[in-house]
Amino acid sequence: MNLSIKHLLGLEGVPRADISAILDAAFSFREVLERPIKRVPTLQGKTIVNLFFENSTRTRISFELAEKRLSADTVNFSSSGSSLAKGESLKDTIRNLFAMKMDAVVMRHSAPGSVKLLSQFVDAVVINAGDGAHEHPTQALLDMMSLQEKYGSLDGLNVAIIGDILHSRVALSNIYGLLTMGANVALCGPPTFIPVGIESLGVKVIYNLDEALDFADAINVLRIQRERQGKGFIPSLREYRAVFGITRERLDKLHKTITIMHPGPINRGVEIDSDIADSEHSIILHQVLNGVAVRMAVLFLLLGGK
Amino acid sequence: MEFKVKARLADEQGLNRTITRLAHEIIEKCKGTENIGIVGIRTRGDFLAKRLAHKIEEIEQATLPVGVLDVVMYRDDFRMKTKLPRVEVTDIPFNVDEKILILVDDVIYTGRTIRAALDALMDFGRPSIIQLAVLVDRGHRELPIKPDYVGKNVPTSIGEEVRVLMKEIDGKDEILLVEEQK
């Protein structure tokens, strides 16, 4: 099974067959993570550079683990402590790195589209680990994998994404991916956090949280980015919690159970209550494990063949 | 690619007899069924492993643990092919340490699949013995690997291929010798 895509820049326009192939392979790779020796020789001799121009814990470690579990050689780069600090341009830095013969690059950068730009001037596989508020495709893939694990299929599943949609690359990738896979997607949050015209992608917008919960089989709760505070998007964190926070009280009013997802890091007591995040309906820690598996699948499918 | 059937090497009854004989040979060589685990290589080795385990169970009234191995992650040739193989789940639901493992595949050819399978098994622990059972040995080995139990030795030419069909996936039991049509 070969993918039709050469790079993973985002999930926009990625065909269903490709997403299915990645998710199927991910379930196979996850088994490797449960073995006594958690390593397979699949990508022996391949070199992957992880370029992180923005802070990251989960994604960086998850990619690095996935690469190591597949026996690839990895090089890590973060912008602090590099020649970028000496004034070298991004393009020069990367060209120099690639003169050392890299097979793939995993990049996170604050500028939307930076990953696409990179793919145009390097001769290597490019994987997006988050570009600004644009896309974060591997996060959406691991979310979809976790849902598929729980429900068997994404077809017809009702998923609500709740919170700061405007600044969220996780939301956009999830929207593209889930719609391609046949799920119904609703967005919920304060109007200041909902991009104008987002309905044109084929999603519903629901401003009332209770209605959104009524609609949903599963919810993906986004982090309220504290750095956005004081910029007029929301009055206060307390106010946000009161209107859009996922609380026990709110869930108890429903006559059904909802699967809870969160891409992390969690602000406990703001967008979601602590006991909900740790409850039996939360699949947050599955998401983390599935993240490594999904990244192994993406690396294998993009780097494995000729 | 078109293939022409050159010979029918076994029908359902023949295949069944061969499996029965292999089961007896395994029990004889291992002096019983104690400590044995069976691992089939996807896809047809998996079904074969289950049938062998079932047969041994019939003969000795002992239940053997059965696992399935997917060796794609360990192959040395997927980098040379333009089409990537599908990776499927490996499931070995028992501890392989100190076990006698019977590795099962339908056809042995170059030996590279078995090499990959051996590497994979070692990542699950340290079996005390690994033995290899195959339905058909068609020759042309490229590695120093020799099966312990062979259903049929079938000398072939490079252009030929041995096809094992099994009810579980192909709808019928049959072993065919086919040749690529030029």
# chains A, B, ... in the order shown; residues from 1 in each chain; ligands from 1
>>> interface_residues(of="chain B", to="chain A", cutoff="6 Å", atoms="only C-alpha atoms", output="number ranges by chain")
B: 73-74, 79, 82, 84-89, 123-124
>>> write_last_selection(atoms="N, CA and C atoms", output="CSV table (one decimal), in the first residue's frame")
chain,number,residue,atom,x,y,z
B,73,MET,N,7.8,-5.5,9.0
B,73,MET,CA,8.6,-4.5,9.6
B,73,MET,C,10.1,-5.0,9.6
B,74,TYR,N,10.3,-6.3,9.4
B,74,TYR,CA,11.7,-6.9,9.5
B,74,TYR,C,12.2,-7.2,8.1
B,79,ARG,N,12.6,-2.0,0.6
B,79,ARG,CA,13.2,-0.8,0.1
B,79,ARG,C,13.5,-0.9,-1.4
B,82,THR,N,8.9,-1.0,-5.3
B,82,THR,CA,8.2,0.3,-5.4
B,82,THR,C,6.9,0.3,-4.6
B,84,LEU,N,4.8,-0.7,-1.4
B,84,LEU,CA,5.0,-1.0,0.0
B,84,LEU,C,4.0,-2.1,0.4
B,85,PRO,N,4.5,-3.2,1.1
B,85,PRO,CA,3.5,-4.2,1.6
B,85,PRO,C,2.7,-3.6,2.7
B,86,ARG,N,1.5,-4.2,3.0
B,86,ARG,CA,0.7,-3.8,4.1
B,86,ARG,C,1.2,-4.4,5.4
B,87,VAL,N,1.3,-3.5,6.4
B,87,VAL,CA,1.7,-4.1,7.7
B,87,VAL,C,0.5,-4.5,8.5
B,88,GLU,N,0.5,-5.7,9.0
B,88,GLU,CA,-0.6,-6.2,9.8
B,88,GLU,C,-0.2,-6.5,11.2
B,89,VAL,N,-1.2,-6.7,12.0
B,89,VAL,CA,-0.9,-6.9,13.5
B,89,VAL,C,-0.2,-8.2,13.8
B,123,ASP,N,12.8,-10.6,19.3
B,123,ASP,CA,12.4,-9.4,20.0
B,123,ASP,C,11.3,-9.7,21.0
B,124,PHE,N,10.8,-10.9,21.0
B,124,PHE,CA,9.7,-11.2,22.0
B,124,PHE,C,10.3,-11.9,23.2
>>> residues_around(residues="stretch 206-211 of chain A", least_positions_apart="3", cutoff="10 Å", atoms="only C-alpha atoms", output="VMD selection string")
chain A and resid 160 162 to 163 186 to 191 194 203 214 to 216 243 to 246 250 to 251 253 to 254
>>> residues_around(residues="B:Thr90", least_positions_apart="5", cutoff="6 Å", atoms="only C-alpha atoms", output="list in words")
Val68, Leu69 and Asp70 of chain B
>>> residues_around(residues="B:Glu180", least_positions_apart="3", cutoff="12 Å", atoms="only C-alpha atoms", output="count of residues only")
13
>>> closest_residue(among="B:Leu135, B:Ala62, B:Ala49, B:Leu118", to="B:Lys152", atoms="only C-alpha atoms")
B:Leu135
>>> select_by_dssp(residues="chain B", states="strand (DSSP E)", output="number ranges by chain")
B: 3-10, 36-41, 66-69, 100-108, 129-137, 149-153, 160-165, 174-180
>>> write_last_selection(atoms="N, CA and C atoms", output="short mmCIF file (atom, residue, chain, number, x, y, z; two decimals), in the first residue's frame")
data_model
loop_
_atom_site.label_atom_id
_atom_site.label_comp_id
_atom_site.auth_asym_id
_atom_site.auth_seq_id
_atom_site.Cartn_x
_atom_site.Cartn_y
_atom_site.Cartn_z
N PHE B 3 -0.96 -15.89 -14.94
CA PHE B 3 -0.31 -17.12 -14.52
C PHE B 3 -1.04 -18.33 -15.12
N LYS B 4 -0.25 -19.33 -15.49
CA LYS B 4 -0.83 -20.56 -16.03
C LYS B 4 -0.60 -21.68 -15.00
N VAL B 5 -1.63 -22.47 -14.73
CA VAL B 5 -1.47 -23.57 -13.79
C VAL B 5 -0.75 -24.72 -14.49
N LYS B 6 0.41 -25.11 -13.95
CA LYS B 6 1.18 -26.20 -14.57
C LYS B 6 0.88 -27.55 -13.94
N ALA B 7 0.61 -27.53 -12.62
CA ALA B 7 0.34 -28.81 -11.96
C ALA B 7 -0.44 -28.56 -10.67
N ARG B 8 -1.25 -29.52 -10.32
CA ARG B 8 -1.98 -29.46 -9.07
C ARG B 8 -1.23 -30.38 -8.12
N LEU B 9 -0.60 -29.80 -7.11
CA LEU B 9 0.27 -30.59 -6.24
C LEU B 9 -0.50 -31.29 -5.14
N ALA B 10 -1.65 -30.71 -4.75
CA ALA B 10 -2.47 -31.36 -3.73
C ALA B 10 -3.89 -30.81 -3.79
N ILE B 36 5.37 -26.48 23.99
CA ILE B 36 5.38 -26.06 22.58
C ILE B 36 4.46 -24.86 22.37
N GLY B 37 4.91 -23.91 21.57
CA GLY B 37 4.05 -22.83 21.09
C GLY B 37 4.15 -22.79 19.57
N ILE B 38 3.06 -22.47 18.92
CA ILE B 38 3.08 -22.44 17.45
C ILE B 38 2.89 -21.01 16.97
N VAL B 39 3.73 -20.58 16.03
CA VAL B 39 3.62 -19.22 15.51
C VAL B 39 3.56 -19.27 13.99
N GLY B 40 2.47 -18.76 13.44
CA GLY B 40 2.32 -18.74 11.99
C GLY B 40 2.70 -17.40 11.41
N ILE B 41 3.28 -17.44 10.20
CA ILE B 41 3.65 -16.20 9.52
C ILE B 41 2.50 -15.79 8.60
N VAL B 66 -1.17 -20.48 20.26
CA VAL B 66 -0.89 -20.15 18.86
C VAL B 66 -0.76 -18.64 18.72
N GLY B 67 0.26 -18.21 18.00
CA GLY B 67 0.44 -16.78 17.74
C GLY B 67 0.55 -16.52 16.25
N VAL B 68 0.46 -15.25 15.90
CA VAL B 68 0.62 -14.89 14.49
C VAL B 68 1.63 -13.75 14.38
N LEU B 69 2.48 -13.88 13.36
CA LEU B 69 3.59 -12.95 13.19
C LEU B 69 3.46 -12.27 11.83
N ILE B 100 9.50 -24.10 23.21
CA ILE B 100 9.85 -24.66 21.91
C ILE B 100 8.88 -24.05 20.92
N LEU B 101 9.39 -23.20 20.05
CA LEU B 101 8.51 -22.53 19.11
C LEU B 101 8.55 -23.24 17.76
N ILE B 102 7.37 -23.54 17.24
CA ILE B 102 7.29 -24.08 15.88
C ILE B 102 6.83 -22.93 14.99
N LEU B 103 7.73 -22.47 14.15
CA LEU B 103 7.42 -21.39 13.22
C LEU B 103 6.83 -22.02 11.97
N VAL B 104 5.69 -21.48 11.50
CA VAL B 104 4.97 -22.14 10.40
C VAL B 104 4.77 -21.18 9.23
N ASP B 105 5.13 -21.65 8.03
CA ASP B 105 4.83 -20.87 6.82
C ASP B 105 4.36 -21.81 5.73
N ASP B 106 3.71 -21.25 4.70
CA ASP B 106 3.19 -22.14 3.66
C ASP B 106 4.30 -22.61 2.71
N VAL B 107 5.06 -21.64 2.17
CA VAL B 107 6.10 -22.00 1.20
C VAL B 107 7.43 -21.41 1.63
N ILE B 108 8.50 -22.20 1.58
CA ILE B 108 9.83 -21.62 1.78
C ILE B 108 10.53 -21.54 0.44
N ILE B 129 14.11 -23.25 21.86
CA ILE B 129 14.35 -23.82 20.52
C ILE B 129 13.35 -23.19 19.56
N ILE B 130 13.79 -22.90 18.34
CA ILE B 130 12.84 -22.54 17.29
C ILE B 130 12.99 -23.56 16.18
N GLN B 131 11.87 -24.17 15.78
CA GLN B 131 11.90 -25.09 14.64
C GLN B 131 10.99 -24.54 13.56
N LEU B 132 11.25 -24.98 12.33
CA LEU B 132 10.51 -24.44 11.20
C LEU B 132 9.72 -25.54 10.50
N ALA B 133 8.43 -25.28 10.32
CA ALA B 133 7.58 -26.21 9.57
C ALA B 133 7.01 -25.49 8.36
N VAL B 134 7.16 -26.11 7.17
CA VAL B 134 6.58 -25.51 5.96
C VAL B 134 5.79 -26.57 5.21
N LEU B 135 4.81 -26.09 4.48
CA LEU B 135 4.00 -27.00 3.68
C LEU B 135 4.77 -27.41 2.43
N VAL B 136 5.41 -26.44 1.78
CA VAL B 136 6.14 -26.72 0.53
C VAL B 136 7.52 -26.07 0.58
N ASP B 137 8.54 -26.85 0.24
CA ASP B 137 9.89 -26.30 0.04
C ASP B 137 10.14 -26.30 -1.47
N TYR B 149 10.55 -29.44 9.39
CA TYR B 149 9.42 -30.27 8.94
C TYR B 149 8.98 -29.77 7.57
N VAL B 150 8.95 -30.67 6.58
CA VAL B 150 8.57 -30.27 5.22
C VAL B 150 7.40 -31.12 4.75
N GLY B 151 6.34 -30.46 4.30
CA GLY B 151 5.20 -31.20 3.76
C GLY B 151 5.56 -31.82 2.42
N LYS B 152 5.98 -31.00 1.49
CA LYS B 152 6.35 -31.48 0.16
C LYS B 152 7.60 -30.77 -0.33
N ASN B 153 8.54 -31.54 -0.90
CA ASN B 153 9.66 -30.94 -1.59
C ASN B 153 9.29 -30.83 -3.06
N GLU B 160 8.64 -20.14 -11.96
CA GLU B 160 7.43 -20.79 -11.43
C GLU B 160 7.12 -20.25 -10.04
N GLU B 161 5.94 -20.61 -9.57
CA GLU B 161 5.53 -20.15 -8.25
C GLU B 161 4.63 -21.23 -7.63
N VAL B 162 4.74 -21.40 -6.34
CA VAL B 162 3.85 -22.36 -5.67
C VAL B 162 2.76 -21.57 -4.96
N ARG B 163 1.53 -21.89 -5.25
CA ARG B 163 0.39 -21.20 -4.62
C ARG B 163 -0.30 -22.15 -3.66
N VAL B 164 -0.36 -21.77 -2.43
CA VAL B 164 -1.14 -22.55 -1.47
C VAL B 164 -2.47 -21.82 -1.26
N LEU B 165 -3.56 -22.50 -1.57
CA LEU B 165 -4.88 -21.91 -1.33
C LEU B 165 -5.47 -22.54 -0.08
N GLU B 174 -6.04 -26.16 -1.71
CA GLU B 174 -5.37 -26.66 -2.92
C GLU B 174 -3.94 -26.15 -2.93
N ILE B 175 -3.02 -26.96 -3.49
CA ILE B 175 -1.66 -26.45 -3.74
C ILE B 175 -1.41 -26.53 -5.24
N LEU B 176 -1.01 -25.41 -5.84
CA LEU B 176 -0.82 -25.35 -7.29
C LEU B 176 0.59 -24.93 -7.63
N LEU B 177 1.09 -25.47 -8.74
CA LEU B 177 2.34 -24.99 -9.31
C LEU B 177 1.95 -24.14 -10.51
N VAL B 178 2.31 -22.85 -10.48
CA VAL B 178 1.91 -21.98 -11.58
C VAL B 178 3.14 -21.37 -12.23
N GLU B 179 2.96 -20.89 -13.46
CA GLU B 179 4.07 -20.24 -14.16
C GLU B 179 3.59 -18.93 -14.75
N GLU B 180 4.47 -17.96 -14.69
CA GLU B 180 4.16 -16.66 -15.23
C GLU B 180 4.07 -16.75 -16.75
#
>>> select_by_dssp(residues="stretch 130-251 of chain A", states="alpha helix (DSSP H)", output="PDB file with C-alpha atoms, in the first residue's frame")
ATOM      1  CA  PRO A 137      -1.974  16.512  10.881  1.00  0.00           C
ATOM      2  CA  THR A 138      -0.438  13.802  13.088  1.00  0.00           C
ATOM      3  CA  GLN A 139      -2.454  15.042  16.079  1.00  0.00           C
ATOM      4  CA  ALA A 140      -5.675  14.729  14.081  1.00  0.00           C
ATOM      5  CA  LEU A 141      -4.629  11.273  12.866  1.00  0.00           C
ATOM      6  CA  LEU A 142      -4.047  10.077  16.423  1.00  0.00           C
ATOM      7  CA  ASP A 143      -7.399  11.547  17.478  1.00  0.00           C
ATOM      8  CA  MET A 144      -9.065   9.671  14.630  1.00  0.00           C
ATOM      9  CA  MET A 145      -7.204   6.489  15.483  1.00  0.00           C
ATOM     10  CA  SER A 146      -8.412   6.737  19.095  1.00  0.00           C
ATOM     11  CA  LEU A 147     -11.993   7.237  17.920  1.00  0.00           C
ATOM     12  CA  GLN A 148     -11.764   4.391  15.436  1.00  0.00           C
ATOM     13  CA  GLU A 149     -10.415   2.169  18.189  1.00  0.00           C
ATOM     14  CA  LYS A 150     -13.405   3.018  20.353  1.00  0.00           C
ATOM     15  CA  TYR A 151     -16.169   3.011  17.734  1.00  0.00           C
ATOM     16  CA  ARG A 169      -4.197  23.841  14.277  1.00  0.00           C
ATOM     17  CA  VAL A 170      -5.538  20.710  15.955  1.00  0.00           C
ATOM     18  CA  ALA A 171      -9.094  21.771  15.151  1.00  0.00           C
ATOM     19  CA  LEU A 172      -8.448  22.467  11.484  1.00  0.00           C
ATOM     20  CA  SER A 173      -6.651  19.175  10.865  1.00  0.00           C
ATOM     21  CA  ASN A 174      -9.396  17.313  12.713  1.00  0.00           C
ATOM     22  CA  ILE A 175     -12.072  18.999  10.633  1.00  0.00           C
ATOM     23  CA  TYR A 176     -10.438  18.016   7.332  1.00  0.00           C
ATOM     24  CA  GLY A 177      -9.649  14.485   8.455  1.00  0.00           C
ATOM     25  CA  LEU A 178     -12.942  13.681  10.154  1.00  0.00           C
ATOM     26  CA  LEU A 179     -15.034  15.003   7.269  1.00  0.00           C
ATOM     27  CA  THR A 180     -12.996  12.970   4.771  1.00  0.00           C
ATOM     28  CA  LEU A 209     -22.429  23.927  24.864  1.00  0.00           C
ATOM     29  CA  ASP A 210     -25.385  21.824  26.050  1.00  0.00           C
ATOM     30  CA  GLU A 211     -26.653  21.567  22.483  1.00  0.00           C
ATOM     31  CA  ALA A 212     -23.206  20.577  21.286  1.00  0.00           C
ATOM     32  CA  LEU A 213     -23.000  17.862  23.940  1.00  0.00           C
ATOM     33  CA  ASP A 214     -26.446  16.671  22.885  1.00  0.00           C
ATOM     34  CA  PHE A 215     -25.172  16.272  19.329  1.00  0.00           C
ATOM     35  CA  LEU A 237     -11.050  32.095  32.587  1.00  0.00           C
ATOM     36  CA  ARG A 238     -13.794  31.833  35.241  1.00  0.00           C
ATOM     37  CA  GLU A 239     -16.347  33.112  32.806  1.00  0.00           C
ATOM     38  CA  TYR A 240     -15.112  30.670  30.148  1.00  0.00           C
ATOM     39  CA  ARG A 241     -15.370  27.752  32.545  1.00  0.00           C
ATOM     40  CA  ALA A 242     -18.886  28.737  33.548  1.00  0.00           C
ATOM     41  CA  VAL A 243     -20.127  28.801  29.941  1.00  0.00           C
ATOM     42  CA  PHE A 244     -17.899  26.366  28.026  1.00  0.00           C
ATOM     43  CA  ARG A 248     -19.321  16.732  35.856  1.00  0.00           C
ATOM     44  CA  GLU A 249     -22.552  18.598  36.478  1.00  0.00           C
ATOM     45  CA  ARG A 250     -23.039  19.283  32.775  1.00  0.00           C
ATOM     46  CA  LEU A 251     -22.284  15.716  31.701  1.00  0.00           C
TER      47      LEU A 251
END
>>> residues_around(residues="A:Glu67", least_positions_apart="2", cutoff="12 Å", atoms="only C-alpha atoms", output="MDAnalysis selection string")
chainID A and resid 29 38:50 60:65 69:76 104:106 292:300 303
>>> write_last_selection(atoms="C-alpha atoms", output="PDB file, in the first residue's frame")
ATOM      1  CA  PHE A  29       2.688  -0.576  14.756  1.00  0.00           C
ATOM      2  CA  LYS A  38      10.082  -2.114  21.509  1.00  0.00           C
ATOM      3  CA  ARG A  39      12.069  -1.709  18.351  1.00  0.00           C
ATOM      4  CA  VAL A  40      11.844  -2.931  14.765  1.00  0.00           C
ATOM      5  CA  PRO A  41      14.527  -2.499  12.067  1.00  0.00           C
ATOM      6  CA  THR A  42      12.107  -1.080   9.495  1.00  0.00           C
ATOM      7  CA  LEU A  43      13.794   2.287   8.844  1.00  0.00           C
ATOM      8  CA  GLN A  44      17.383   1.256   9.475  1.00  0.00           C
ATOM      9  CA  GLY A  45      19.801   3.571   7.696  1.00  0.00           C
ATOM     10  CA  LYS A  46      17.313   6.423   7.280  1.00  0.00           C
ATOM     11  CA  THR A  47      18.145   9.767   8.855  1.00  0.00           C
ATOM     12  CA  ILE A  48      15.419  12.042  10.148  1.00  0.00           C
ATOM     13  CA  VAL A  49      15.893  15.561  11.453  1.00  0.00           C
ATOM     14  CA  ASN A  50      13.428  17.033  13.919  1.00  0.00           C
ATOM     15  CA  ARG A  60       8.608  16.172  19.913  1.00  0.00           C
ATOM     16  CA  ILE A  61       9.039  13.198  22.225  1.00  0.00           C
ATOM     17  CA  SER A  62       6.388  11.258  20.374  1.00  0.00           C
ATOM     18  CA  PHE A  63       8.071  11.799  16.992  1.00  0.00           C
ATOM     19  CA  GLU A  64      11.468  10.990  18.401  1.00  0.00           C
ATOM     20  CA  LEU A  65      10.193   7.798  20.004  1.00  0.00           C
ATOM     21  CA  ARG A  69      11.264   2.518  17.531  1.00  0.00           C
ATOM     22  CA  LEU A  70      11.698   2.165  13.776  1.00  0.00           C
ATOM     23  CA  SER A  71      15.516   2.216  14.082  1.00  0.00           C
ATOM     24  CA  ALA A  72      15.972   5.446  12.124  1.00  0.00           C
ATOM     25  CA  ASP A  73      18.846   7.775  13.020  1.00  0.00           C
ATOM     26  CA  THR A  74      17.595  11.049  14.422  1.00  0.00           C
ATOM     27  CA  VAL A  75      19.007  14.516  14.746  1.00  0.00           C
ATOM     28  CA  ASN A  76      17.298  17.120  16.882  1.00  0.00           C
ATOM     29  CA  ALA A 104      13.126  13.260   6.157  1.00  0.00           C
ATOM     30  CA  VAL A 105      12.360  16.326   8.179  1.00  0.00           C
ATOM     31  CA  VAL A 106       9.758  16.779  10.878  1.00  0.00           C
ATOM     32  CA  VAL A 292       3.544   7.225  18.729  1.00  0.00           C
ATOM     33  CA  ALA A 293       1.910   4.482  16.654  1.00  0.00           C
ATOM     34  CA  VAL A 294       0.380   6.895  14.156  1.00  0.00           C
ATOM     35  CA  ARG A 295       3.722   8.661  13.693  1.00  0.00           C
ATOM     36  CA  MET A 296       5.441   5.321  13.123  1.00  0.00           C
ATOM     37  CA  ALA A 297       2.848   4.554  10.458  1.00  0.00           C
ATOM     38  CA  VAL A 298       3.307   7.922   8.746  1.00  0.00           C
ATOM     39  CA  LEU A 299       7.104   7.591   8.764  1.00  0.00           C
ATOM     40  CA  PHE A 300       6.950   4.042   7.430  1.00  0.00           C
ATOM     41  CA  LEU A 303       9.887   6.717   3.960  1.00  0.00           C
TER      42      LEU A 303
END
>>> atom_distance(atom1="atom CA of B:Gly45", atom2="atom CA of B:Lys99")
19.3 Å
>>> decode(residues="stretch 19-86 of chain B", atoms="C-alpha atoms", output="PDB file, in the first residue's frame")
ATOM      1  CA  ILE B  19      -0.939 -31.384   7.787  1.00  0.00           C
ATOM      2  CA  THR B  20      -1.725 -34.573   9.701  1.00  0.00           C
ATOM      3  CA  ARG B  21       1.729 -35.965   8.953  1.00  0.00           C
ATOM      4  CA  LEU B  22       3.431 -32.715   9.961  1.00  0.00           C
ATOM      5  CA  ALA B  23       1.489 -32.757  13.241  1.00  0.00           C
ATOM      6  CA  HIS B  24       2.671 -36.288  13.967  1.00  0.00           C
ATOM      7  CA  GLU B  25       6.257 -35.410  13.118  1.00  0.00           C
ATOM      8  CA  ILE B  26       6.200 -32.426  15.446  1.00  0.00           C
ATOM      9  CA  ILE B  27       4.853 -34.498  18.335  1.00  0.00           C
ATOM     10  CA  GLU B  28       7.402 -37.223  17.662  1.00  0.00           C
ATOM     11  CA  LYS B  29      10.410 -34.948  17.411  1.00  0.00           C
ATOM     12  CA  CYS B  30       9.396 -32.901  20.471  1.00  0.00           C
ATOM     13  CA  LYS B  31       8.493 -36.047  22.415  1.00  0.00           C
ATOM     14  CA  GLY B  32       5.024 -34.813  23.228  1.00  0.00           C
ATOM     15  CA  THR B  33       3.467 -31.393  23.352  1.00  0.00           C
ATOM     16  CA  GLU B  34       4.934 -29.970  26.519  1.00  0.00           C
ATOM     17  CA  ASN B  35       6.219 -26.425  26.278  1.00  0.00           C
ATOM     18  CA  ILE B  36       5.383 -26.056  22.580  1.00  0.00           C
ATOM     19  CA  GLY B  37       4.053 -22.831  21.089  1.00  0.00           C
ATOM     20  CA  ILE B  38       3.076 -22.435  17.453  1.00  0.00           C
ATOM     21  CA  VAL B  39       3.622 -19.217  15.509  1.00  0.00           C
ATOM     22  CA  GLY B  40       2.318 -18.743  11.985  1.00  0.00           C
ATOM     23  CA  ILE B  41       3.650 -16.195   9.516  1.00  0.00           C
ATOM     24  CA  ARG B  42       0.955 -14.068   7.924  1.00  0.00           C
ATOM     25  CA  THR B  43      -1.057 -14.694   5.880  1.00  0.00           C
ATOM     26  CA  ARG B  44      -1.349 -18.376   5.056  1.00  0.00           C
ATOM     27  CA  GLY B  45       1.163 -19.544   7.634  1.00  0.00           C
ATOM     28  CA  ASP B  46      -1.274 -18.180  10.201  1.00  0.00           C
ATOM     29  CA  PHE B  47      -4.127 -20.421   9.048  1.00  0.00           C
ATOM     30  CA  LEU B  48      -1.737 -23.317   8.708  1.00  0.00           C
ATOM     31  CA  ALA B  49      -0.503 -22.811  12.274  1.00  0.00           C
ATOM     32  CA  LYS B  50      -4.067 -22.887  13.589  1.00  0.00           C
ATOM     33  CA  ARG B  51      -4.823 -26.075  11.662  1.00  0.00           C
ATOM     34  CA  LEU B  52      -1.636 -27.729  12.888  1.00  0.00           C
ATOM     35  CA  ALA B  53      -2.449 -26.782  16.475  1.00  0.00           C
ATOM     36  CA  HIS B  54      -5.955 -28.170  16.026  1.00  0.00           C
ATOM     37  CA  LYS B  55      -4.602 -31.415  14.587  1.00  0.00           C
ATOM     38  CA  ILE B  56      -2.103 -31.833  17.418  1.00  0.00           C
ATOM     39  CA  GLU B  57      -4.922 -31.197  19.854  1.00  0.00           C
ATOM     40  CA  GLU B  58      -6.941 -34.002  18.234  1.00  0.00           C
ATOM     41  CA  ILE B  59      -4.031 -36.412  18.455  1.00  0.00           C
ATOM     42  CA  GLU B  60      -2.685 -35.586  21.908  1.00  0.00           C
ATOM     43  CA  GLN B  61      -5.619 -33.868  23.648  1.00  0.00           C
ATOM     44  CA  ALA B  62      -3.374 -30.953  24.532  1.00  0.00           C
ATOM     45  CA  THR B  63      -4.110 -27.320  23.772  1.00  0.00           C
ATOM     46  CA  LEU B  64      -1.182 -25.412  22.334  1.00  0.00           C
ATOM     47  CA  PRO B  65      -0.810 -21.637  22.371  1.00  0.00           C
ATOM     48  CA  VAL B  66      -0.888 -20.149  18.859  1.00  0.00           C
ATOM     49  CA  GLY B  67       0.436 -16.778  17.741  1.00  0.00           C
ATOM     50  CA  VAL B  68       0.615 -14.888  14.489  1.00  0.00           C
ATOM     51  CA  LEU B  69       3.593 -12.951  13.188  1.00  0.00           C
ATOM     52  CA  ASP B  70       3.716 -10.222  10.567  1.00  0.00           C
ATOM     53  CA  VAL B  71       7.263  -9.840   9.309  1.00  0.00           C
ATOM     54  CA  VAL B  72       6.890  -6.803   7.040  1.00  0.00           C
ATOM     55  CA  MET B  73       8.642  -4.542   9.578  1.00  0.00           C
ATOM     56  CA  TYR B  74      11.662  -6.865   9.483  1.00  0.00           C
ATOM     57  CA  ARG B  75      11.955  -7.468   5.745  1.00  0.00           C
ATOM     58  CA  ASP B  76      15.112  -6.514   3.864  1.00  0.00           C
ATOM     59  CA  ASP B  77      13.485  -6.126   0.476  1.00  0.00           C
ATOM     60  CA  PHE B  78      10.719  -3.539   0.850  1.00  0.00           C
ATOM     61  CA  ARG B  79      13.190  -0.791   0.113  1.00  0.00           C
ATOM     62  CA  MET B  80      13.876  -2.312  -3.292  1.00  0.00           C
ATOM     63  CA  LYS B  81      10.233  -2.627  -4.240  1.00  0.00           C
ATOM     64  CA  THR B  82       8.217   0.323  -5.418  1.00  0.00           C
ATOM     65  CA  LYS B  83       5.055  -0.925  -3.764  1.00  0.00           C
ATOM     66  CA  LEU B  84       5.005  -1.047   0.013  1.00  0.00           C
ATOM     67  CA  PRO B  85       3.514  -4.156   1.577  1.00  0.00           C
ATOM     68  CA  ARG B  86       0.681  -3.805   4.077  1.00  0.00           C
TER      69      ARG B  86
END
